[in-house]
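Asker: First, the structure itself, so that you have it in front of you.
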Amino acid sequence: MNSPEHGSPTGQFDAVIFDLLTALIDSWSLWNDVAGSEEDGLRWRKEYLKLTYGAGAYRPYETIVAEAAEAAEINREAAGELARRWGELKAWPETHRVLTELHKHAVLGVVTNCSVQLGHAAAESVFGDFQVVITAEEAGFYKPCRETYAKTLEAMGTDPARTLFVAGSGADVPGASALGMPVYWHNRIGLQAVDDVSPTYVERTLDRLLTLV
């Protein structure tokens with residue numbers, strides 16, 4: 001992978017770590033389509049988020065997705081269909097443009113609550129030049145456990161205070177903040193905050209990153 005050529009224009013951050021499946025990818029649309037409706041998909045996804053955020057130590061991602069389907073009263077087989085259709089995941093419209101610009105002057109990484117196979121496939125489909133991609137399976141824990149963020153920072157080799165974390169969901173805000181990373185919450189669909197911890201920035205798109213990094 002190529003390395004950034006020079007430092008950040010603002011001098012504020014040397015690196016950016018992204019949540020993958022919400023911050024960079026519109027995974028909501030695929031979940032809704034597999035579930036059969038936006039209402040069912042949202043209910044399923046909320047159950048999944050609840051289970052992963054409470055899971056702690058890693059257990060198979062596909063199992064958690066299936067358990068969430070049952071809890072949301074969605075056919076458990078939907079989990080298998082989601083995995084089969086994983087290649088249909090699409091990035092948010094500005095994702096590739098923003099990553100391409102940031103890559104010129106910052107180290108870019110990903111940490112995602114996912115299996116190795118699905119996480120790396122999704123990351124590669126979004127952008128081929130991430131310096132680091134860490135999945136929950138590789139870290140041994142699901143976010144927001146400290147270990148997932150710490151393993152990513154170690155692999156990046158960057159100072160937390162100079163590493164901006166781009167969250168896709170509320171639980172990532174206190175999780176990343178606890179390690180000393182400033183947090184940019186890409187809150188595209190207006191999710192609720194968690195644990196009364198405020199991010200440094202809250203935006204509905206990724207565009208403002210180009211003025212910050």
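In the structure tokens, each chain is lettered A, B, ... as it comes, each chain's residues begin at 1, and ligands are numbered from 1 in order of appearance.
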Write out as an MDAnalysis selection string which residues come within 10 Å of Pro182 of chain A when counting only C-alpha atoms, dropping same-chain ones fewer than 5 positions away.

Answerer: chainID A and resid 13 16 160:166 173 176:177 199:201

Asker: Hey, what does DSSP flag as alpha helix (DSSP H) within segment 93-151 of chain A? Can you give it to me as a PyMOL selection string?

Answerer: chain A and resi 95-102+116-126+136-139+146-151

Asker: With N, CA and C atoms retained, export the selected residues as a PDB file, in the first residue's frame.

Answerer:
```
ATOM      1  N   THR A  95     -17.812   8.863  -0.174  1.00  0.00           N
ATOM      2  CA  THR A  95     -16.772   8.096   0.524  1.00  0.00           C
ATOM      3  C   THR A  95     -15.465   8.017  -0.249  1.00  0.00           C
ATOM      4  N   HIS A  96     -15.501   7.551  -1.484  1.00  0.00           N
ATOM      5  CA  HIS A  96     -14.256   7.341  -2.231  1.00  0.00           C
ATOM      6  C   HIS A  96     -13.532   8.653  -2.479  1.00  0.00           C
ATOM      7  N   ARG A  97     -14.263   9.708  -2.796  1.00  0.00           N
ATOM      8  CA  ARG A  97     -13.644  11.016  -3.033  1.00  0.00           C
ATOM      9  C   ARG A  97     -12.932  11.523  -1.779  1.00  0.00           C
ATOM     10  N   VAL A  98     -13.594  11.421  -0.645  1.00  0.00           N
ATOM     11  CA  VAL A  98     -13.000  11.893   0.610  1.00  0.00           C
ATOM     12  C   VAL A  98     -11.787  11.057   0.986  1.00  0.00           C
ATOM     13  N   LEU A  99     -11.883   9.738   0.873  1.00  0.00           N
ATOM     14  CA  LEU A  99     -10.747   8.879   1.216  1.00  0.00           C
ATOM     15  C   LEU A  99      -9.557   9.123   0.298  1.00  0.00           C
ATOM     16  N   THR A 100      -9.823   9.335  -0.959  1.00  0.00           N
ATOM     17  CA  THR A 100      -8.742   9.591  -1.912  1.00  0.00           C
ATOM     18  C   THR A 100      -7.978  10.849  -1.542  1.00  0.00           C
ATOM     19  N   GLU A 101      -8.686  11.893  -1.149  1.00  0.00           N
ATOM     20  CA  GLU A 101      -8.030  13.139  -0.745  1.00  0.00           C
ATOM     21  C   GLU A 101      -7.282  12.981   0.571  1.00  0.00           C
ATOM     22  N   LEU A 102      -7.897  12.336   1.535  1.00  0.00           N
ATOM     23  CA  LEU A 102      -7.263  12.170   2.843  1.00  0.00           C
ATOM     24  C   LEU A 102      -5.998  11.323   2.752  1.00  0.00           C
ATOM     25  N   VAL A 116     -13.346 -11.584   9.815  1.00  0.00           N
ATOM     26  CA  VAL A 116     -12.200 -11.266   8.967  1.00  0.00           C
ATOM     27  C   VAL A 116     -12.612 -11.262   7.500  1.00  0.00           C
ATOM     28  N   GLN A 117     -13.275 -12.324   7.073  1.00  0.00           N
ATOM     29  CA  GLN A 117     -13.620 -12.459   5.654  1.00  0.00           C
ATOM     30  C   GLN A 117     -14.520 -11.325   5.181  1.00  0.00           C
ATOM     31  N   LEU A 118     -15.592 -11.062   5.911  1.00  0.00           N
ATOM     32  CA  LEU A 118     -16.537 -10.040   5.472  1.00  0.00           C
ATOM     33  C   LEU A 118     -15.969  -8.636   5.649  1.00  0.00           C
ATOM     34  N   GLY A 119     -15.236  -8.417   6.725  1.00  0.00           N
ATOM     35  CA  GLY A 119     -14.679  -7.094   6.982  1.00  0.00           C
ATOM     36  C   GLY A 119     -13.663  -6.665   5.945  1.00  0.00           C
ATOM     37  N   HIS A 120     -12.736  -7.568   5.618  1.00  0.00           N
ATOM     38  CA  HIS A 120     -11.708  -7.207   4.642  1.00  0.00           C
ATOM     39  C   HIS A 120     -12.303  -7.073   3.246  1.00  0.00           C
ATOM     40  N   ALA A 121     -13.298  -7.911   2.923  1.00  0.00           N
ATOM     41  CA  ALA A 121     -13.946  -7.798   1.617  1.00  0.00           C
ATOM     42  C   ALA A 121     -14.641  -6.448   1.476  1.00  0.00           C
ATOM     43  N   ALA A 122     -15.336  -6.016   2.517  1.00  0.00           N
ATOM     44  CA  ALA A 122     -16.040  -4.734   2.462  1.00  0.00           C
ATOM     45  C   ALA A 122     -15.059  -3.567   2.390  1.00  0.00           C
ATOM     46  N   ALA A 123     -13.988  -3.642   3.178  1.00  0.00           N
ATOM     47  CA  ALA A 123     -12.997  -2.559   3.165  1.00  0.00           C
ATOM     48  C   ALA A 123     -12.346  -2.426   1.793  1.00  0.00           C
ATOM     49  N   GLU A 124     -11.997  -3.540   1.184  1.00  0.00           N
ATOM     50  CA  GLU A 124     -11.357  -3.519  -0.127  1.00  0.00           C
ATOM     51  C   GLU A 124     -12.308  -2.968  -1.186  1.00  0.00           C
ATOM     52  N   SER A 125     -13.585  -3.254  -1.047  1.00  0.00           N
ATOM     53  CA  SER A 125     -14.551  -2.764  -2.034  1.00  0.00           C
ATOM     54  C   SER A 125     -14.727  -1.248  -1.950  1.00  0.00           C
ATOM     55  N   VAL A 126     -14.467  -0.688  -0.781  1.00  0.00           N
ATOM     56  CA  VAL A 126     -14.632   0.750  -0.571  1.00  0.00           C
ATOM     57  C   VAL A 126     -13.408   1.525  -1.015  1.00  0.00           C
ATOM     58  N   ALA A 136     -13.291  -7.230  14.335  1.00  0.00           N
ATOM     59  CA  ALA A 136     -13.530  -7.716  15.698  1.00  0.00           C
ATOM     60  C   ALA A 136     -12.958  -9.119  15.872  1.00  0.00           C
ATOM     61  N   GLU A 137     -13.047  -9.929  14.818  1.00  0.00           N
ATOM     62  CA  GLU A 137     -12.505 -11.283  14.903  1.00  0.00           C
ATOM     63  C   GLU A 137     -10.998 -11.256  15.143  1.00  0.00           C
ATOM     64  N   GLU A 138     -10.289 -10.369  14.459  1.00  0.00           N
ATOM     65  CA  GLU A 138      -8.833 -10.262  14.636  1.00  0.00           C
ATOM     66  C   GLU A 138      -8.479  -9.684  16.008  1.00  0.00           C
ATOM     67  N   ALA A 139      -9.271  -8.719  16.457  1.00  0.00           N
ATOM     68  CA  ALA A 139      -8.997  -8.089  17.754  1.00  0.00           C
ATOM     69  C   ALA A 139      -9.374  -8.996  18.913  1.00  0.00           C
ATOM     70  N   ARG A 146     -12.396  -1.712  24.679  1.00  0.00           N
ATOM     71  CA  ARG A 146     -11.151  -0.959  24.541  1.00  0.00           C
ATOM     72  C   ARG A 146     -10.147  -1.677  23.631  1.00  0.00           C
ATOM     73  N   GLU A 147     -10.127  -3.006  23.712  1.00  0.00           N
ATOM     74  CA  GLU A 147      -9.113  -3.776  22.992  1.00  0.00           C
ATOM     75  C   GLU A 147      -9.165  -3.583  21.481  1.00  0.00           C
ATOM     76  N   THR A 148     -10.352  -3.394  20.934  1.00  0.00           N
ATOM     77  CA  THR A 148     -10.462  -3.236  19.470  1.00  0.00           C
ATOM     78  C   THR A 148      -9.804  -1.946  19.000  1.00  0.00           C
ATOM     79  N   TYR A 149     -10.074  -0.862  19.694  1.00  0.00           N
ATOM     80  CA  TYR A 149      -9.472   0.425  19.333  1.00  0.00           C
ATOM     81  C   TYR A 149      -7.966   0.410  19.597  1.00  0.00           C
ATOM     82  N   ALA A 150      -7.579  -0.194  20.734  1.00  0.00           N
ATOM     83  CA  ALA A 150      -6.158  -0.233  21.094  1.00  0.00           C
ATOM     84  C   ALA A 150      -5.349  -1.026  20.076  1.00  0.00           C
ATOM     85  N   LYS A 151      -5.899  -2.146  19.607  1.00  0.00           N
ATOM     86  CA  LYS A 151      -5.192  -2.958  18.610  1.00  0.00           C
ATOM     87  C   LYS A 151      -5.030  -2.187  17.301  1.00  0.00           C
TER      88      LYS A 151
END
```

Asker: Write out as a PyMOL selection string each polymer residue whose atoms come within 8 Å of Ala57 of chain A, counting only C-alpha atoms; drop sequence neighbours fewer than 2 positions from it.

Answerer: chain A and resi 55+59+140-142

Asker: Pick out the residues sitting within 9 Å of segment 71-75 of chain A, and hand them over as a ChimeraX atom specification; count only C-alpha atoms, and ignore anything fewer than 3 positions along from it in its own chain.

Answerer: /A:35,40-41,43-48,66-68,78-79

Asker: In terms of the shortest atom-to-atom distance over only C-alpha atoms, which of A:Gly190, A:Gly175, A:Gly11, A:Gly80 is closest to Glu62 of chain A?

Answerer: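 Nearest to Glu62 of chain A: A:Gly80.
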
Asker: Just list as a list in words whatever in segment 1-207 of chain A DSSP marks as strand (DSSP E).

Answerer: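 Going through segment 1-207 of chain A, the strand (DSSP E) residues come out as Ala15, Val16, Ile17, Phe18, Val107, Leu108, Gly109, Val110, Val111, Thr112, Val132, Val133, Ile134, Thr135, Thr163, Leu164, Phe165, Val166, Ala167, Val183, Tyr184, Trp185, His186, Tyr201, Val202 and Glu203 of chain A.
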
Asker: Output N, CA and C atoms for every residue in the selection just made, as a compact mmCIF listing (two decimals), in the first residue's frame.

Answerer:
```txt
# COMPACT_ATOMS: atom_id res chain seq x y z
N ALA A 15 -3.47 10.81 11.35
CA ALA A 15 -4.14 9.58 10.93
C ALA A 15 -5.63 9.67 11.18
N VAL A 16 -6.38 8.84 10.44
CA VAL A 16 -7.82 8.74 10.62
C VAL A 16 -8.20 7.26 10.66
N ILE A 17 -8.95 6.88 11.68
CA ILE A 17 -9.49 5.52 11.78
C ILE A 17 -11.00 5.60 11.57
N PHE A 18 -11.52 4.76 10.70
CA PHE A 18 -12.94 4.77 10.37
C PHE A 18 -13.66 3.53 10.87
N VAL A 107 -2.49 8.84 7.36
CA VAL A 107 -2.56 7.38 7.43
C VAL A 107 -4.01 7.00 7.69
N LEU A 108 -4.55 6.07 6.90
CA LEU A 108 -5.96 5.69 7.01
C LEU A 108 -6.11 4.25 7.46
N GLY A 109 -7.01 4.03 8.42
CA GLY A 109 -7.27 2.68 8.90
C GLY A 109 -8.75 2.46 9.15
N VAL A 110 -9.10 1.19 9.36
CA VAL A 110 -10.49 0.78 9.60
C VAL A 110 -10.53 -0.17 10.79
N VAL A 111 -11.54 -0.02 11.63
CA VAL A 111 -11.83 -1.03 12.65
C VAL A 111 -13.33 -1.31 12.57
N THR A 112 -13.69 -2.59 12.45
CA THR A 112 -15.08 -2.93 12.19
C THR A 112 -15.54 -4.13 12.98
N VAL A 132 -4.30 0.01 7.40
CA VAL A 132 -4.65 -0.98 8.43
C VAL A 132 -6.14 -1.27 8.36
N VAL A 133 -6.50 -2.56 8.42
CA VAL A 133 -7.90 -2.98 8.57
C VAL A 133 -7.94 -4.00 9.70
N ILE A 134 -8.67 -3.69 10.75
CA ILE A 134 -8.80 -4.59 11.90
C ILE A 134 -10.27 -4.94 12.09
N THR A 135 -10.56 -6.23 12.16
CA THR A 135 -11.93 -6.69 12.42
C THR A 135 -12.06 -7.12 13.88
N THR A 163 -4.94 11.17 16.20
CA THR A 163 -5.66 10.22 15.36
C THR A 163 -7.15 10.48 15.48
N LEU A 164 -7.76 10.94 14.41
CA LEU A 164 -9.20 11.23 14.42
C LEU A 164 -9.97 9.94 14.17
N PHE A 165 -10.93 9.65 15.03
CA PHE A 165 -11.79 8.48 14.83
C PHE A 165 -13.10 8.92 14.20
N VAL A 166 -13.48 8.28 13.11
CA VAL A 166 -14.75 8.59 12.43
C VAL A 166 -15.75 7.50 12.78
N ALA A 167 -16.69 7.84 13.65
CA ALA A 167 -17.68 6.89 14.14
C ALA A 167 -18.87 6.82 13.20
N VAL A 183 -13.25 12.46 18.18
CA VAL A 183 -14.23 11.68 17.41
C VAL A 183 -15.07 12.57 16.51
N TYR A 184 -15.16 12.17 15.26
CA TYR A 184 -16.04 12.77 14.25
C TYR A 184 -17.17 11.77 14.05
N TRP A 185 -18.37 12.13 14.47
CA TRP A 185 -19.50 11.20 14.32
C TRP A 185 -20.22 11.48 13.02
N HIS A 186 -20.08 10.57 12.07
CA HIS A 186 -20.82 10.64 10.82
C HIS A 186 -22.20 10.05 11.10
N TYR A 201 -16.97 16.37 16.74
CA TYR A 201 -17.72 16.87 15.59
C TYR A 201 -18.89 15.92 15.34
N VAL A 202 -20.01 16.45 14.88
CA VAL A 202 -21.15 15.66 14.44
C VAL A 202 -21.58 16.18 13.08
N GLU A 203 -21.61 15.31 12.08
CA GLU A 203 -21.97 15.72 10.72
C GLU A 203 -22.83 14.64 10.06
```

Asker: Counting only C-alpha atoms, which residue out of A:His103, A:Ile64, A:Met156, A:Glu39 sits closest to Leu210 of chain A?

Answerer: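 Distance minimum relative to Leu210 of chain A lands on A:His103.
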
Asker: Nearest to Ser115 of chain A: which of A:Trp28, A:Ile189, A:Leu212, A:Tyr61 is it, counting only C-alpha atoms?

Answerer: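 Closest residue, counting only C-alpha atoms: A:Tyr61.
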